file coords-v9.csv (CSV, C-alpha atoms and all ligand atoms)
chain,number,residue,atom,x,y,z
A,1,MET,CA,3.0,-20.7,171.2
A,2,ILE,CA,1.4,-18.8,168.3
A,3,VAL,CA,-1.8,-16.9,169.3
A,4,SER,CA,-4.8,-16.6,167.0
A,5,ALA,CA,-6.6,-13.2,166.4
A,6,SER,CA,-9.7,-14.0,168.4
A,7,SER,CA,-7.8,-15.2,171.4
A,8,VAL,CA,-5.5,-12.1,171.2
A,9,GLU,CA,-8.6,-9.9,171.3
A,10,GLU,CA,-10.0,-11.7,174.3
A,11,GLN,CA,-6.7,-11.4,176.2
A,12,PHE,CA,-6.5,-7.7,175.2
A,13,ARG,CA,-9.9,-7.0,176.6
A,14,ALA,CA,-8.8,-8.1,180.0
A,15,MET,CA,-5.8,-5.7,180.0
A,16,PHE,CA,-6.7,-2.4,178.4
A,17,GLU,CA,-9.9,-0.3,178.4
A,18,ARG,CA,-9.0,3.0,176.7
A,19,VAL,CA,-6.3,3.2,174.0
A,20,CYS,CA,-4.9,6.2,172.1
A,21,VAL,CA,-3.9,5.5,168.5
A,22,THR,CA,-1.8,8.3,166.9
A,23,GLY,CA,-2.1,8.1,163.1
A,24,GLY,CA,-5.3,6.1,163.6
A,25,ALA,CA,-6.9,7.6,160.4
A,26,GLY,CA,-4.1,6.2,158.3
A,27,PHE,CA,-3.7,2.9,156.5
A,28,ILE,CA,-2.3,0.7,159.3
A,29,GLY,CA,-3.7,2.8,162.1
A,30,SER,CA,-7.3,2.5,161.0
A,31,HIS,CA,-7.0,-1.3,160.8
A,32,LEU,CA,-5.5,-1.3,164.3
A,33,VAL,CA,-8.6,0.8,165.4
A,34,ASP,CA,-10.8,-2.0,163.9
A,35,GLY,CA,-8.9,-4.6,165.9
A,36,LEU,CA,-9.0,-2.7,169.1
A,37,ARG,CA,-12.8,-2.2,168.8
A,38,ARG,CA,-13.3,-5.9,168.1
A,39,ALA,CA,-11.4,-6.4,171.4
A,40,GLY,CA,-13.9,-4.1,173.1
A,41,ALA,CA,-11.5,-1.2,173.8
A,42,THR,CA,-12.6,2.5,173.6
A,43,VAL,CA,-10.3,4.2,171.2
A,44,VAL,CA,-9.1,7.8,170.8
A,45,VAL,CA,-7.5,8.7,167.5
A,46,LEU,CA,-5.0,11.6,167.2
A,47,ASP,CA,-4.4,12.4,163.6
A,48,ASP,CA,-3.7,15.6,161.5
A,49,LEU,CA,-5.1,14.0,158.4
A,50,SER,CA,-2.0,14.8,156.4
A,51,THR,CA,-2.1,11.4,154.8
A,52,GLY,CA,-4.9,9.8,156.8
A,53,ARG,CA,-8.6,10.0,155.9
A,54,ARG,CA,-11.7,10.4,158.1
A,55,GLU,CA,-13.4,7.8,155.8
A,56,ASN,CA,-11.1,5.1,157.1
A,57,LEU,CA,-12.9,5.3,160.4
A,58,ALA,CA,-16.4,6.1,159.1
A,59,HIS,CA,-17.7,2.6,159.8
A,60,HIS,CA,-17.3,3.1,163.5
A,61,ALA,CA,-20.6,4.4,164.8
A,62,ASP,CA,-19.3,4.6,168.4
A,63,GLY,CA,-16.4,3.8,170.6
A,64,VAL,CA,-14.0,5.9,168.6
A,65,ASP,CA,-13.2,9.5,169.6
A,66,PHE,CA,-11.4,11.6,167.0
A,67,VAL,CA,-9.0,14.4,167.9
A,68,GLU,CA,-7.9,16.2,164.7
A,69,GLY,CA,-4.5,17.7,165.4
A,70,SER,CA,-0.8,17.2,165.2
A,71,ILE,CA,1.4,15.2,167.6
A,72,GLY,CA,3.4,18.5,167.7
A,73,ASP,CA,0.5,20.3,169.4
A,74,ALA,CA,0.6,19.8,173.2
A,75,THR,CA,-3.1,20.5,173.7
A,76,ALA,CA,-4.1,17.9,171.0
A,77,ARG,CA,-1.8,15.4,172.6
A,78,GLU,CA,-3.2,16.0,176.1
A,79,ASP,CA,-6.8,15.7,174.8
A,80,ALA,CA,-6.0,12.4,173.1
A,81,VAL,CA,-4.1,10.6,175.8
A,82,ALA,CA,-6.3,11.6,178.8
A,83,GLY,CA,-7.5,8.5,180.6
A,84,CYS,CA,-5.7,6.1,178.3
A,85,ASP,CA,-3.7,3.2,179.7
A,86,LEU,CA,-2.0,2.4,176.4
A,87,VAL,CA,-0.7,4.6,173.5
A,88,MET,CA,-0.1,3.0,170.1
A,89,HIS,CA,2.1,5.6,168.4
A,90,LEU,CA,1.8,5.3,164.6
A,91,ALA,CA,1.6,8.9,163.5
A,92,SER,CA,4.6,9.6,161.2
A,93,ARG,CA,5.6,10.7,157.8
A,94,VAL,CA,6.2,7.4,156.0
A,95,SER,CA,8.2,7.8,152.8
A,96,VAL,CA,12.0,7.1,152.5
A,97,ALA,CA,12.0,9.0,149.2
A,98,GLU,CA,10.2,12.1,150.6
A,99,SER,CA,12.6,12.2,153.6
A,100,MET,CA,15.5,12.7,151.2
A,101,SER,CA,14.1,16.1,150.2
A,102,GLU,CA,12.4,17.0,153.5
A,103,PRO,CA,14.8,15.8,156.2
A,104,GLU,CA,13.8,18.4,158.8
A,105,LEU,CA,10.2,17.5,158.6
A,106,TYR,CA,11.1,13.9,159.3
A,107,ARG,CA,13.4,14.8,162.2
A,108,ARG,CA,10.6,16.9,163.7
A,109,VAL,CA,7.6,14.6,163.2
A,110,VAL,CA,9.2,11.2,163.7
A,111,GLY,CA,12.0,12.0,166.2
A,112,THR,CA,10.9,14.9,168.3
A,113,GLY,CA,7.2,14.0,167.8
A,114,THR,CA,7.8,10.6,169.5
A,115,ARG,CA,9.6,12.2,172.5
A,116,GLU,CA,6.7,14.6,172.9
A,117,MET,CA,4.2,11.7,172.7
A,118,LEU,CA,6.1,9.8,175.4
A,119,GLU,CA,6.1,12.9,177.6
A,120,SER,CA,2.3,13.3,177.2
A,121,ALA,CA,1.7,9.6,177.7
A,122,VAL,CA,3.7,9.7,181.0
A,123,ALA,CA,1.9,12.8,182.2
A,124,ALA,CA,-1.5,11.1,181.5
A,125,GLY,CA,-0.5,8.1,183.5
A,126,ALA,CA,-0.4,5.6,180.6
A,127,ARG,CA,1.2,2.3,181.4
A,128,ARG,CA,2.6,1.5,177.9
A,129,LEU,CA,3.5,2.9,174.5
A,130,VAL,CA,4.1,0.8,171.4
A,131,LEU,CA,6.0,2.6,168.6
A,132,ALA,CA,5.6,1.8,164.9
A,133,GLY,CA,9.2,1.3,164.0
A,134,SER,CA,10.7,0.5,160.7
A,135,CYS,CA,13.1,-2.1,159.2
A,136,SER,CA,14.6,0.8,157.2
A,137,VAL,CA,16.8,1.3,160.3
A,138,TYR,CA,18.9,-1.7,159.2
A,139,GLY,CA,20.0,0.0,155.9
A,140,ASP,CA,21.6,-2.4,153.5
A,141,ALA,CA,22.2,-5.3,155.9
A,142,PRO,CA,22.4,-8.8,154.3
A,143,PRO,CA,19.1,-10.7,154.8
A,144,PRO,CA,17.6,-12.4,156.7
A,145,ILE,CA,17.9,-9.5,159.1
A,146,SER,CA,17.7,-10.1,162.8
A,147,GLU,CA,17.4,-7.5,165.6
A,148,ALA,CA,21.1,-8.3,166.4
A,149,THR,CA,22.1,-6.5,163.2
A,150,THR,CA,23.7,-3.1,163.8
A,151,PRO,CA,21.5,-0.4,162.5
A,152,ALA,CA,22.8,1.6,159.5
A,153,PRO,CA,20.1,4.0,158.4
A,154,ALA,CA,20.4,5.2,154.8
A,155,SER,CA,17.8,8.0,154.9
A,156,PRO,CA,16.5,10.8,157.2
A,157,TYR,CA,13.4,8.7,157.6
A,158,ALA,CA,15.4,5.7,158.9
A,159,GLU,CA,17.6,7.9,161.1
A,160,ALA,CA,14.5,9.6,162.7
A,161,LYS,CA,12.9,6.1,163.3
A,162,LEU,CA,16.1,5.1,165.1
A,163,VAL,CA,16.0,8.3,167.2
A,164,ALA,CA,12.3,7.6,168.0
A,165,GLU,CA,13.3,4.1,169.3
A,166,SER,CA,16.1,5.6,171.4
A,167,HIS,CA,13.5,7.9,173.1
A,168,CYS,CA,11.3,4.8,173.8
A,169,ARG,CA,14.3,3.0,175.4
A,170,ALA,CA,15.3,6.0,177.5
A,171,PHE,CA,11.8,6.5,178.9
A,172,ALA,CA,11.6,2.7,179.7
A,173,GLU,CA,15.0,2.6,181.3
A,174,ALA,CA,14.2,5.6,183.4
A,175,GLY,CA,11.1,3.7,184.6
A,176,ARG,CA,8.7,6.3,183.3
A,177,ILE,CA,6.7,4.1,180.9
A,178,ALA,CA,7.0,0.6,179.4
A,179,THR,CA,7.7,0.7,175.7
A,180,ILE,CA,8.3,-1.7,172.8
A,181,CYS,CA,9.3,-1.0,169.2
A,182,PRO,CA,8.1,-3.4,166.5
A,183,ARG,CA,10.0,-2.8,163.3
A,184,PHE,CA,7.6,-3.3,160.4
A,185,PHE,CA,8.9,-4.6,157.1
A,186,ASN,CA,6.7,-3.5,154.0
A,187,VAL,CA,3.1,-3.5,155.0
A,188,TYR,CA,0.3,-3.7,152.4
A,189,GLY,CA,-3.5,-4.3,152.4
A,190,PRO,CA,-6.9,-2.5,151.9
A,191,ARG,CA,-7.0,1.3,152.4
A,192,GLN,CA,-3.3,1.8,151.5
A,193,ARG,CA,-3.2,5.0,149.4
A,194,ALA,CA,-2.0,4.8,145.8
A,195,ASP,CA,-2.4,8.4,144.9
A,196,SER,CA,1.1,9.7,145.6
A,197,PRO,CA,4.6,8.9,144.2
A,198,TYR,CA,5.4,8.3,147.9
A,199,SER,CA,2.8,5.6,148.4
A,200,GLY,CA,3.7,2.0,149.0
A,201,VAL,CA,4.7,0.0,145.9
A,202,ILE,CA,2.0,-2.6,146.1
A,203,ALA,CA,-0.8,0.0,146.2
A,204,ILE,CA,0.8,1.9,143.3
A,205,PHE,CA,1.3,-1.2,141.1
A,206,ALA,CA,-2.1,-2.6,141.8
A,207,ALA,CA,-3.8,0.7,140.9
A,208,LEU,CA,-1.8,1.0,137.7
A,209,ALA,CA,-2.6,-2.6,136.8
A,210,ALA,CA,-6.3,-2.0,137.3
A,211,ARG,CA,-6.1,0.9,134.8
A,212,GLY,CA,-3.9,-1.0,132.4
A,213,GLU,CA,-1.1,1.5,132.9
A,214,THR,CA,2.7,0.9,132.9
A,215,PRO,CA,4.5,0.8,136.3
A,216,VAL,CA,7.8,2.6,136.9
A,217,ILE,CA,10.5,0.5,138.6
A,218,PHE,CA,13.2,2.6,140.2
A,219,GLY,CA,16.5,0.6,139.7
A,220,ASP,CA,16.7,-2.8,138.1
A,221,GLY,CA,13.7,-4.3,139.8
A,222,ARG,CA,15.8,-6.9,141.6
A,223,GLN,CA,15.6,-5.2,144.9
A,224,THR,CA,13.6,-7.3,147.4
A,225,ARG,CA,11.0,-6.5,150.1
A,226,ASP,CA,9.4,-8.6,152.8
A,227,PHE,CA,5.7,-7.8,152.3
A,228,ILE,CA,3.5,-8.3,155.4
A,229,HIS,CA,-0.2,-8.0,155.4
A,230,VAL,CA,-1.8,-5.3,157.6
A,231,GLU,CA,-4.1,-7.8,159.5
A,232,ASP,CA,-1.0,-9.7,160.6
A,233,VAL,CA,0.6,-6.4,161.7
A,234,VAL,CA,-2.5,-5.5,163.8
A,235,ARG,CA,-2.4,-8.9,165.6
A,236,GLY,CA,1.3,-8.4,166.2
A,237,LEU,CA,0.8,-4.9,167.6
A,238,MET,CA,-1.8,-6.1,170.1
A,239,LEU,CA,0.5,-8.9,171.2
A,240,ALA,CA,3.3,-6.4,171.6
A,241,ALA,CA,1.1,-4.2,173.8
A,242,MET,CA,0.2,-7.2,176.0
A,243,ALA,CA,3.7,-8.7,176.3
A,244,THR,CA,4.6,-8.6,180.0
A,245,ASP,CA,8.4,-9.1,180.2
A,246,THR,CA,9.5,-7.1,177.1
A,247,HIS,CA,8.9,-3.5,177.7
A,248,GLY,CA,12.3,-1.9,177.8
A,249,GLY,CA,12.0,-0.4,174.3
A,250,GLU,CA,13.0,-3.6,172.6
A,251,ALA,CA,13.1,-3.8,168.8
A,252,VAL,CA,11.1,-6.7,167.3
A,253,ASN,CA,10.9,-7.5,163.6
A,254,PHE,CA,7.4,-7.7,162.1
A,255,GLY,CA,8.0,-9.5,158.8
A,256,THR,CA,7.3,-12.9,157.1
A,257,GLY,CA,10.8,-14.0,156.4
A,258,ARG,CA,10.1,-14.2,152.7
A,259,GLY,CA,11.4,-11.7,150.1
A,260,THR,CA,9.8,-10.8,146.7
A,261,ASP,CA,11.6,-8.7,144.1
A,262,LEU,CA,9.9,-6.0,142.2
A,263,LEU,CA,10.0,-7.7,138.8
A,264,GLU,CA,8.2,-10.6,140.4
A,265,LEU,CA,5.7,-8.3,142.1
A,266,ALA,CA,4.9,-6.5,138.8
A,267,ARG,CA,4.4,-9.9,137.1
A,268,VAL,CA,2.1,-11.2,139.9
A,269,LEU,CA,0.1,-8.1,139.8
A,270,ARG,CA,0.0,-8.2,136.0
A,271,ALA,CA,1.0,-4.6,136.0
A,272,GLY,CA,2.3,-4.7,132.4
A,273,PRO,CA,5.9,-4.4,131.2
A,274,PRO,CA,7.6,-1.9,133.5
A,275,ARG,CA,9.5,1.2,132.6
A,276,PHE,CA,12.8,1.6,134.4
A,277,GLU,CA,14.2,4.7,136.0
A,278,ALA,CA,17.2,5.4,138.2
A,279,ALA,CA,17.1,4.0,141.7
A,280,ARG,CA,15.9,6.4,144.3
A,281,ASP,CA,18.4,7.9,146.8
A,282,GLY,CA,18.2,6.3,150.2
A,283,ASP,CA,16.6,3.1,148.7
A,284,ILE,CA,17.5,-0.2,150.3
A,285,ARG,CA,18.5,-3.1,148.1
A,286,HIS,CA,17.4,-6.1,150.0
A,287,SER,CA,15.1,-6.3,153.0
A,288,VAL,CA,13.9,-9.6,154.4
A,289,ALA,CA,13.1,-10.2,158.1
A,290,ASP,CA,14.4,-12.8,160.4
A,291,PRO,CA,11.0,-13.1,162.3
A,292,GLY,CA,12.3,-15.4,165.0
A,293,ARG,CA,12.4,-13.0,167.9
A,294,ALA,CA,8.7,-11.9,167.4
A,295,ALA,CA,7.7,-15.6,167.6
A,296,ARG,CA,9.9,-16.2,170.7
A,297,LEU,CA,9.0,-13.1,172.6
A,298,LEU,CA,5.5,-12.3,171.5
A,299,GLY,CA,4.1,-15.6,170.1
A,300,PHE,CA,3.7,-13.7,166.8
A,301,GLU,CA,3.9,-15.3,163.4
A,302,THR,CA,2.4,-14.1,160.2
A,303,GLU,CA,-0.5,-16.1,158.7
A,304,ILE,CA,-1.3,-14.4,155.4
A,305,ASP,CA,0.9,-15.2,152.4
A,306,LEU,CA,1.4,-12.7,149.6
A,307,ALA,CA,-1.1,-14.4,147.2
A,308,THR,CA,-3.8,-14.5,149.8
A,309,GLY,CA,-3.0,-10.9,150.9
A,310,LEU,CA,-3.2,-9.5,147.4
A,311,SER,CA,-6.7,-10.9,147.0
A,312,SER,CA,-7.7,-8.6,150.0
A,313,ILE,CA,-6.9,-5.6,147.7
A,314,GLY,CA,-9.0,-7.0,144.9
A,315,HIS,CA,-6.2,-8.8,143.0
A,316,ARG,CA,-7.3,-12.0,141.3
A,317,PRO,CA,-4.5,-14.5,140.4
A,318,THR,CA,-4.5,-16.1,137.0
A,319,SER,CA,-5.5,-19.7,137.3
A,401,LIG,P1,-0.2,6.4,156.7
A,401,LIG,O1,0.4,7.6,156.1
A,401,LIG,O2,-1.4,5.9,156.2
A,401,LIG,O3,-0.3,6.7,158.3
A,401,LIG,C1,0.3,7.7,159.0
A,401,LIG,C2,-0.8,8.5,159.7
A,401,LIG,O4,-0.1,9.5,160.6
A,401,LIG,C3,-1.7,9.3,158.8
A,401,LIG,O5,-3.1,9.1,159.2
A,401,LIG,C4,-1.3,10.7,159.0
A,401,LIG,O6,-2.4,11.6,158.7
A,401,LIG,C5,-0.8,10.7,160.4
A,401,LIG,N1,0.1,11.8,160.7
A,401,LIG,C6,1.2,12.2,160.0
A,401,LIG,N2,1.9,13.2,160.6
A,401,LIG,C7,1.1,13.5,161.8
A,401,LIG,C8,1.2,14.4,162.8
A,401,LIG,N3,2.3,15.3,162.8
A,401,LIG,N4,0.3,14.4,163.8
A,401,LIG,C9,-0.7,13.6,163.8
A,401,LIG,N5,-0.9,12.6,162.8
A,401,LIG,C10,0.0,12.6,161.8
A,401,LIG,O7,1.0,5.3,156.7
A,401,LIG,P2,1.1,3.9,157.3
A,401,LIG,O8,1.7,3.0,156.3
A,401,LIG,O9,-0.3,3.5,157.9
A,401,LIG,O10,2.1,4.1,158.5
A,401,LIG,C11,1.8,3.9,159.9
A,401,LIG,C12,3.1,3.8,160.7
A,401,LIG,O11,3.7,2.6,160.3
A,401,LIG,C13,4.1,4.9,160.5
A,401,LIG,O12,4.7,5.2,161.8
A,401,LIG,C14,5.1,4.3,159.6
A,401,LIG,O13,6.4,4.9,159.7
A,401,LIG,C15,5.1,2.9,160.0
A,401,LIG,N6,5.6,1.9,159.1
A,401,LIG,C16,4.9,1.7,157.9
A,401,LIG,C17,5.3,0.8,157.0
A,401,LIG,C18,4.6,0.5,155.7
A,401,LIG,O14,5.1,-0.4,155.0
A,401,LIG,N7,3.4,1.0,155.5
A,401,LIG,C19,6.5,0.1,157.3
A,401,LIG,C20,7.2,0.4,158.4
A,401,LIG,C21,6.7,1.3,159.3
A,402,LIG,C1,8.3,1.2,153.0
A,402,LIG,C2,7.4,2.2,153.8
A,402,LIG,C3,8.2,2.8,154.9
A,402,LIG,C4,8.7,1.6,155.8
A,402,LIG,C5,9.6,0.7,155.0
A,402,LIG,C6,10.0,-0.5,155.7
A,402,LIG,C7,5.7,3.3,152.5
A,402,LIG,C8,5.4,4.4,151.5
A,402,LIG,N1,7.0,3.2,152.9
A,402,LIG,O1,9.5,1.9,152.5
A,402,LIG,O2,7.3,3.6,155.7
A,402,LIG,O3,9.4,2.1,156.9
A,402,LIG,O4,8.8,0.2,153.9
A,402,LIG,O5,10.7,-1.3,154.8
A,402,LIG,O6,4.9,2.5,152.8
A,402,LIG,N2,9.2,1.6,143.9
A,402,LIG,C9,9.2,1.4,142.5
A,402,LIG,N3,8.2,2.1,141.8
A,402,LIG,C10,7.2,2.7,142.5
A,402,LIG,C11,7.2,2.8,143.9
A,402,LIG,C12,8.3,2.2,144.6
A,402,LIG,O7,10.1,0.9,141.9
A,402,LIG,O8,6.3,3.3,141.8
A,402,LIG,C13,10.3,0.9,144.6
A,402,LIG,C14,11.1,1.7,145.6
A,402,LIG,O9,12.2,2.4,144.9
A,402,LIG,C15,11.6,0.6,146.5
A,402,LIG,C16,10.5,-0.4,146.5
A,402,LIG,O10,9.7,-0.1,145.4
A,402,LIG,O11,12.8,0.0,146.0
A,402,LIG,C17,9.6,-0.2,147.8
A,402,LIG,O12,9.2,1.1,147.9
A,402,LIG,P1,8.1,1.6,148.9
A,402,LIG,O13,6.9,0.9,148.7
A,402,LIG,O14,8.1,3.1,148.8
A,402,LIG,O15,8.7,1.1,150.3
A,402,LIG,P2,10.1,1.4,151.1
A,402,LIG,O16,10.9,2.4,150.5
A,402,LIG,O17,10.7,0.0,151.2
call {"tool": "encode", "arguments": {"input": "coords-v9.csv", "output": "C-alpha cells"}}
result
Amino acid sequence: MIVSASSVEEQFRAMFERVCVTGGAGFIGSHLVDGLRRAGATVVVLDDLSTGRRENLAHHADGVDFVEGSIGDATAREDAVAGCDLVMHLASRVSVAESMSEPELYRRVVGTGTREMLESAVAAGARRLVLAGSCSVYGDAPPPISEATTPAPASPYAEAKLVAESHCRAFAEAGRIATICPRFFNVYGPRQRADSPYSGVIAIFAALAARGETPVIFGDGRQTRDFIHVEDVVRGLMLAAMATDTHGGEAVNFGTGRGTDLLELARVLRAGPPRFEAARDGDIRHSVADPGRAARLLGFETEIDLATGLSSIGHRPTS
C-alpha cells in the first residue's frame, strides 16, 4: 500500500520524538527537517556549513536546535545525538567529480564519518540510523537498476558510500543499532545550490537558463539520469525510518524508474544550445532506478513527475 505524506507524518509522530539530522542545513537535509517538524518531532541539526546554509533553516522559529560542527568532531557528535531516538545521516561531500581530485576527503567524511556517527548514535542509545546512500554505487550497470545488481563504484565518492553502507550493515548485524540505506538517484528541488561546478545539473541548467547563458554538457549529452524530487525523497526517508522489519542495513533504491537524458533536460529547461566538453572522469553513463523494492518494503512510490517538479524551482513550461 502506498502511503501519503500526511499519513506518514501522523505515523511518524507516534514513533519518534527527537531526531538528529546530520547535514540538515543542506539541500535535502533542510527539506527533511521541514517534514520532521510537520510530523511534530524535535530536531537537532549537525552541520559544518561546508555546503549547507543557515538560511535553509531560518523559517523554523523553534523546535530545531543547531550544532555547528563536523561529524568528525566527537564532541559535536555527542551534543547532536544526545537524547535522540533516530539519526538521519545525510552529512557528506556530494560530488562525483570533486571526489576524483579529493579522494581522501571523501574517504574520511563519507566512509569514516559514517562509522563515527554510528558509534555516537549507539553510545547515545538511538534506536535507528538512516543513511543517505547513493545510486552511484552501481557504476555503469544496465538500467533499470535493482538492488540485486552487484555494486561497481566508479569514483571515490561511490566507493566511500559503499563503505558507509557496509558500516551500517555491520552495526545492524552486531545488534548495536537498526539501520537502513536508501540509495537516492538524482535529487532536485528548491534550495539546491547552483553556484559551484560541483552542483547538481538541474540547479546549474535552471540558473543558466534564467540568465540566458549557455550550459556546458560534459560528454555527448545522451547520458541519462533518474531525477527524483526532494519532497518525494523526504517522504521516503520518513517511511524508511519507520519500517519495522527492514533494519539490517538494507539498500533500497529511491528513484522514479524514468530516465531523462541531458539533451532533453537542457531543452525542457530552455537552457539554450549547449556547449560540449569532454565527459568527466568517474561519470556514469546511464542511471535509472528499478523502484520496486521501495514500494514492496516501504510502501514508497514517487508522486512528483519531472514537469511538476521543475515548476517547484520556478521553471514554467512552454504551452
Ligand atoms: P548538500 O551539500 O546540500 O548537503 C550536505 C550537507 O552536509 C551540507 O549541509 C554540508 O554542509 C554538510 N556537511 C558536509 N560535510 C560535513 C561534515 N564533515 N560534518 C557536518 N556536516 C557536513 O547536498 P545534498 O544533495 O542535500 O546531499 C545530502 C545527502 O544526500 C548526501 O549524503 C548525499 O551524498 C546524498 N545524495 C544526494 C543526491 C543528490 O542528487 N543530491 C543523490 C544521492 C545521494
Ligand atoms: C548526483 C549527486 C550525487 C549522487 C548521484 C546519484 C550532486 C552534485 N551529485 O551525481 O551526490 O550520489 O547524483 O546519482 O547532486 N553535467 C553536465 N553539465 C553540468 C553539470 C553536470 O553535463 O554543468 C553532467 C554530469 O557530467 C553528469 C550529469 O550531468 O553526467 C549529472 O551530474 P550531477 O548533477 O553532478 O550528478 P551525478 O554526477 O549523477
call {"tool": "closest_residue", "arguments": {"input": "coords-v9.csv", "among": "A:Glu277, A:Glu17, A:Asp48, A:Glu147", "to": "A:Gly83", "atoms": "all atoms listed in the file"}}
result
A:Glu17
call {"tool": "closest_atom_pairs", "arguments": {"input": "coords-v9.csv", "of": "chain A", "to": "ligand LIG 401 (chain A)", "cutoff": "8 Å", "atoms": "only C-alpha atoms and all ligand atoms", "output": "tab-separated table"}}
result
residue	atom	partner	partner_atom	distance
A:Thr22	CA	A:LIG401	N5	6.0
A:Gly23	CA	A:LIG401	O4	3.5
A:Gly24	CA	A:LIG401	O5	5.8
A:Ala25	CA	A:LIG401	O5	4.3
A:Gly26	CA	A:LIG401	O5	3.2
A:Phe27	CA	A:LIG401	O9	3.7
A:Ile28	CA	A:LIG401	O9	3.7
A:Gly29	CA	A:LIG401	O9	5.4
A:Ser30	CA	A:LIG401	O9	7.7
A:Leu46	CA	A:LIG401	C9	5.8
A:Asp47	CA	A:LIG401	N5	3.6
A:Asp48	CA	A:LIG401	C9	4.3
A:Leu49	CA	A:LIG401	O6	3.6
A:Ser50	CA	A:LIG401	O6	4.0
A:Thr51	CA	A:LIG401	O6	3.9
A:Gly52	CA	A:LIG401	O5	3.1
A:Arg53	CA	A:LIG401	O5	6.5
A:Glu68	CA	A:LIG401	C9	7.7
A:Gly69	CA	A:LIG401	C9	5.8
A:Ser70	CA	A:LIG401	N4	3.3
A:Ile71	CA	A:LIG401	N4	4.0
A:Gly72	CA	A:LIG401	N3	6.0
A:His89	CA	A:LIG401	O12	7.1
A:Leu90	CA	A:LIG401	O12	4.0
A:Ala91	CA	A:LIG401	O4	3.4
A:Ser92	CA	A:LIG401	O12	4.4
A:Arg93	CA	A:LIG401	C6	5.1
A:Val94	CA	A:LIG401	O13	4.5
A:Ser95	CA	A:LIG401	O13	7.7
A:Val109	CA	A:LIG401	N3	5.4
A:Val110	CA	A:LIG401	O12	7.7
A:Gly113	CA	A:LIG401	N3	7.1
A:Leu131	CA	A:LIG401	O12	7.4
A:Ala132	CA	A:LIG401	O12	4.7
A:Gly133	CA	A:LIG401	C21	5.3
A:Ser134	CA	A:LIG401	C20	4.2
A:Cys135	CA	A:LIG401	C20	6.5
A:Ser136	CA	A:LIG401	C20	7.5
A:Lys161	CA	A:LIG401	O13	7.5
A:Arg183	CA	A:LIG401	C20	6.5
A:Phe184	CA	A:LIG401	C20	4.2
A:Phe185	CA	A:LIG401	C19	5.3
A:Asn186	CA	A:LIG401	O14	3.6
A:Val187	CA	A:LIG401	O14	3.7
A:Tyr188	CA	A:LIG401	O14	6.4
A:Gln192	CA	A:LIG401	O2	6.5
A:Arg193	CA	A:LIG401	O2	7.1
A:Gly200	CA	A:LIG401	N7	6.6
A:Phe227	CA	A:LIG401	O14	7.9
call {"tool": "closest_residue", "arguments": {"input": "coords-v9.csv", "among": "A:Val19, A:Ala172, A:Met100, A:Val234", "to": "ligand LIG 402 (chain A)", "atoms": "all atoms listed in the file"}}
result
A:Met100
call {"tool": "residues_near_ligand", "arguments": {"input": "coords-v9.csv", "ligand": "ligand LIG 402 (chain A)", "cutoff": "7 Å", "atoms": "all atoms listed in the file", "output": "JSON, numbers by chain"}}
result
{"A": [94, 95, 96, 97, 134, 135, 136, 184, 185, 186, 187, 197, 198, 199, 200, 201, 202, 204, 205, 215, 216, 217, 218, 219, 221, 223, 225, 262, 279, 280, 283, 284, 285, 287]}
call {"tool": "residues_around", "arguments": {"input": "coords-v9.csv", "residues": "A:Asp226", "least_positions_apart": "4", "cutoff": "8 Å", "atoms": "only C-alpha atoms", "output": "list of chain:residue names"}}
result
A:Phe185, A:Asn186, A:Gly255, A:Thr256, A:Gly257, A:Arg258, A:Gly259, A:Thr260, A:Ser287, A:Val288, A:Ala289
call {"tool": "write_last_selection", "arguments": {"input": "coords-v9.csv", "atoms": "C-alpha atoms", "output": "PDB file, in the frame of the given file"}}
result
ATOM      1  CA  PHE A 185       8.900  -4.600 157.100  1.00  0.00           C
ATOM      2  CA  ASN A 186       6.700  -3.500 154.000  1.00  0.00           C
ATOM      3  CA  GLY A 255       8.000  -9.500 158.800  1.00  0.00           C
ATOM      4  CA  THR A 256       7.300 -12.900 157.100  1.00  0.00           C
ATOM      5  CA  GLY A 257      10.800 -14.000 156.400  1.00  0.00           C
ATOM      6  CA  ARG A 258      10.100 -14.200 152.700  1.00  0.00           C
ATOM      7  CA  GLY A 259      11.400 -11.700 150.100  1.00  0.00           C
ATOM      8  CA  THR A 260       9.800 -10.800 146.700  1.00  0.00           C
ATOM      9  CA  SER A 287      15.100  -6.300 153.000  1.00  0.00           C
ATOM     10  CA  VAL A 288      13.900  -9.600 154.400  1.00  0.00           C
ATOM     11  CA  ALA A 289      13.100 -10.200 158.100  1.00  0.00           C
TER      12      ALA A 289
END
call {"tool": "atom_distance", "arguments": {"input": "coords-v9.csv", "atom1": "atom CA of A:Glu165", "atom2": "atom CA of A:Leu36"}}
result
23.3 Å
call {"tool": "atom_distance", "arguments": {"input": "coords-v9.csv", "atom1": "atom CA of A:Ser146", "atom2": "atom CA of A:Ile177"}}
result
25.5 Å
call {"tool": "atom_distance", "arguments": {"input": "coords-v9.csv", "atom1": "atom CA of A:Leu32", "atom2": "atom CA of A:Asn56"}}
result
11.1 Å
call {"tool": "closest_residue", "arguments": {"input": "coords-v9.csv", "among": "A:Leu105, A:Ala251, A:Leu237, A:Val67", "to": "A:Pro151", "atoms": "only C-alpha atoms"}}
result
A:Ala251
call {"tool": "residues_around", "arguments": {"input": "coords-v9.csv", "residues": "A:His60", "least_positions_apart": "4", "cutoff": "10 Å", "atoms": "only C-alpha atoms", "output": "number ranges by chain"}}
result
A: 33-34, 37, 55-56, 64-65
call {"tool": "write_last_selection", "arguments": {"input": "coords-v9.csv", "atoms": "C-alpha atoms", "output": "PDB file, in the frame of the given file"}}
result
ATOM      1  CA  VAL A  33      -8.600   0.800 165.400  1.00  0.00           C
ATOM      2  CA  ASP A  34     -10.800  -2.000 163.900  1.00  0.00           C
ATOM      3  CA  ARG A  37     -12.800  -2.200 168.800  1.00  0.00           C
ATOM      4  CA  GLU A  55     -13.400   7.800 155.800  1.00  0.00           C
ATOM      5  CA  ASN A  56     -11.100   5.100 157.100  1.00  0.00           C
ATOM      6  CA  VAL A  64     -14.000   5.900 168.600  1.00  0.00           C
ATOM      7  CA  ASP A  65     -13.200   9.500 169.600  1.00  0.00           C
TER       8      ASP A  65
END
call {"tool": "closest_residue", "arguments": {"input": "coords-v9.csv", "among": "A:Asp195, A:Glu116, A:Asp220, A:Asp261", "to": "A:Ala164", "atoms": "only C-alpha atoms"}}
result
A:Glu116
call {"tool": "closest_residue", "arguments": {"input": "coords-v9.csv", "among": "A:Met238, A:Leu310, A:Leu129, A:Ile228", "to": "A:Glu10", "atoms": "all atoms listed in the file"}}
result
A:Met238
